[in-house]
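Data block below; observations after.
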Amino acid sequence: MMYLPANLKKYRILKELTQEDVAEFLGITPQSVSKWERGESYPDITLLPALANIFETSVDLLLGMDTIRAEETRYNIHKKAVAYQRNGDLDMAEKTYRDALLIYPNKPGMILGLASTLALKGDTEEAIELMERGLPISINEKQKSTMRAALCFLYLKAGREDKACKLASQLPHMRESREVVQPLIKQGLSDSQIDENIKTIILGDGEGIW
């Protein structure tokens with residue numbers, strides 16, 4: 001039911017109906033419709049077909065099943081790609097994300113998922129480009145923290161120590177924190193050590209960031 005309030009309002013507005021119009025169709029009070037749209041209460045399940053009929057849509061769309069199914073599909077894509085990453089099959093992980101981006105070109109999770117795979121493969125420049133593209137549009141704070149920490153090491157590997165230090169200074173107090181990352185950047189790590197840090201950050205402890 002989490003998508004129902006917003007969808008009731010969206011479809012009502014699309015049909016250019018007022019809350020009073022909907023209430024009159026259903027034989028209820030406008031206050032009830034208002035509460036539904038604010039998520040303070042929900043319509044009786046027996047009213048859903050009537051609401052779908054009023055808005056000329058389906059009960060599934062009112063309930064947001066299209067959104068739920070899309071979210072489940074994206075979750076399964078990430079799950080599959082991360083399994084490939086953890087098994088060391090980075091080519092298949094890359095293919096999984098590149099195929100997904102054809103369907104979801106602007107989803108930050110897909111962009112950053114591909115970036116993480118390329119970082120693990122050592123394709124530094126494209127990984128940096130994708131992270132810089134995906135980070136500003138991501139709303140997943142755990143995901144953003146992990147990718148920013150990885151980006152610090154990618155900058156370092158690309159010879160951009162100033163950018164690495166600047167970004168590291170902005171990291172939060174977490175596992176991917178400035179207290180952890182900044183001292184490592186200043187140690188003069190070898191490429192193999194940098195790669196190992198990137199791997200540790202991206203693959204983490206199995207909790208997942210998607």
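Following the order of the structure tokens, first chain is A, next is B, and so on, with residues numbered from 1 inside each chain and ligands from 1 in the order they appear.
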Close residues, Ala150 in chain A itself excluded, 9 Å, only C-alpha atoms, min 3 positions apart in chain, as a compact mmCIF listing (two decimals) with N, CA, C and O atoms, in the first residue's frame:
```
# COMPACT_ATOMS: atom_id res chain seq x y z
N SER A 116 31.74 0.14 -10.19
CA SER A 116 32.43 -0.70 -9.21
C SER A 116 33.09 -1.90 -9.89
O SER A 116 34.20 -2.29 -9.53
N ALA A 119 36.13 -0.71 -11.68
CA ALA A 119 37.18 -0.42 -10.71
C ALA A 119 37.90 -1.71 -10.30
O ALA A 119 39.13 -1.74 -10.20
N SER A 145 28.63 6.54 0.13
CA SER A 145 29.84 6.51 0.96
C SER A 145 30.85 5.51 0.43
O SER A 145 32.05 5.79 0.37
N THR A 146 30.35 4.33 0.05
CA THR A 146 31.25 3.30 -0.47
C THR A 146 31.90 3.74 -1.77
O THR A 146 33.11 3.59 -1.97
N MET A 147 31.10 4.30 -2.67
CA MET A 147 31.63 4.72 -3.97
C MET A 147 32.61 5.90 -3.84
O MET A 147 33.60 5.98 -4.54
N PHE A 153 40.59 6.19 -4.04
CA PHE A 153 41.70 5.34 -4.48
C PHE A 153 41.83 5.32 -6.00
O PHE A 153 42.94 5.21 -6.53
N LEU A 154 40.72 5.46 -6.71
CA LEU A 154 40.80 5.53 -8.16
C LEU A 154 41.50 6.82 -8.60
O LEU A 154 42.32 6.81 -9.52
N TYR A 155 41.18 7.93 -7.92
CA TYR A 155 41.88 9.19 -8.20
C TYR A 155 43.38 9.01 -7.95
O TYR A 155 44.22 9.45 -8.74
N GLU A 176 34.18 3.59 5.56
CA GLU A 176 34.79 4.30 4.43
C GLU A 176 35.01 5.75 4.86
O GLU A 176 34.50 6.68 4.27
N ASN A 197 42.67 -2.16 -1.78
CA ASN A 197 41.78 -1.29 -1.01
C ASN A 197 40.46 -1.07 -1.74
O ASN A 197 39.39 -1.06 -1.10
N ILE A 198 40.52 -0.90 -3.05
CA ILE A 198 39.29 -0.75 -3.84
C ILE A 198 38.43 -1.99 -3.69
O ILE A 198 37.22 -1.91 -3.47
N LYS A 199 39.06 -3.16 -3.80
CA LYS A 199 38.33 -4.43 -3.67
C LYS A 199 37.68 -4.56 -2.30
O LYS A 199 36.52 -4.95 -2.18
N ILE A 201 36.80 -2.18 -0.24
CA ILE A 201 35.72 -1.21 -0.08
C ILE A 201 34.48 -1.64 -0.84
O ILE A 201 33.37 -1.63 -0.31
N ILE A 202 34.66 -2.05 -2.10
CA ILE A 202 33.51 -2.38 -2.94
C ILE A 202 32.85 -3.68 -2.52
O ILE A 202 31.63 -3.77 -2.39
```
Need to verify the contact set: range 100-113 of chain A, 8 Å, only C-alpha atoms, exclusion of same-chain residues closer than 2 positions in sequence. Can you return it as a VMD selection string? chain A and resid 77 to 78 96 to 98 115 to 117 130 to 131 133 to 135 137 to 138 147 210
One number please: CA of Glu40 in chain A to CA of Arg69 in chain A, in Å, one decimal.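 Interatomic distance here is 24.8 Å.
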How would you write, as a PyMOL selection string, the set of residues in range 153-199 of chain A that DSSP gives as helix (DSSP H, G or I)? chain A and resi 153-157+161-168+178-185+191-199
Residues at most 9 Å from range 8-12 of chain A, counting only C-alpha atoms, excluding those fewer than 4 positions away in the same chain, as a list in words?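 Here the qualifying residues turn out to be Tyr3, Leu4, Glu16, Leu17, Thr18, Gln19, Val22, Val33, Ser34, Trp36, Glu37, Arg38, Leu51, Ile54, Phe55, Glu56, Thr57, Leu62 and Leu63 of chain A.
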What does the distance from CA of Ala50 in chain A to CA of Ala6 in chain A come to in Å, to one decimal?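 A separation of 17.3 Å between them.
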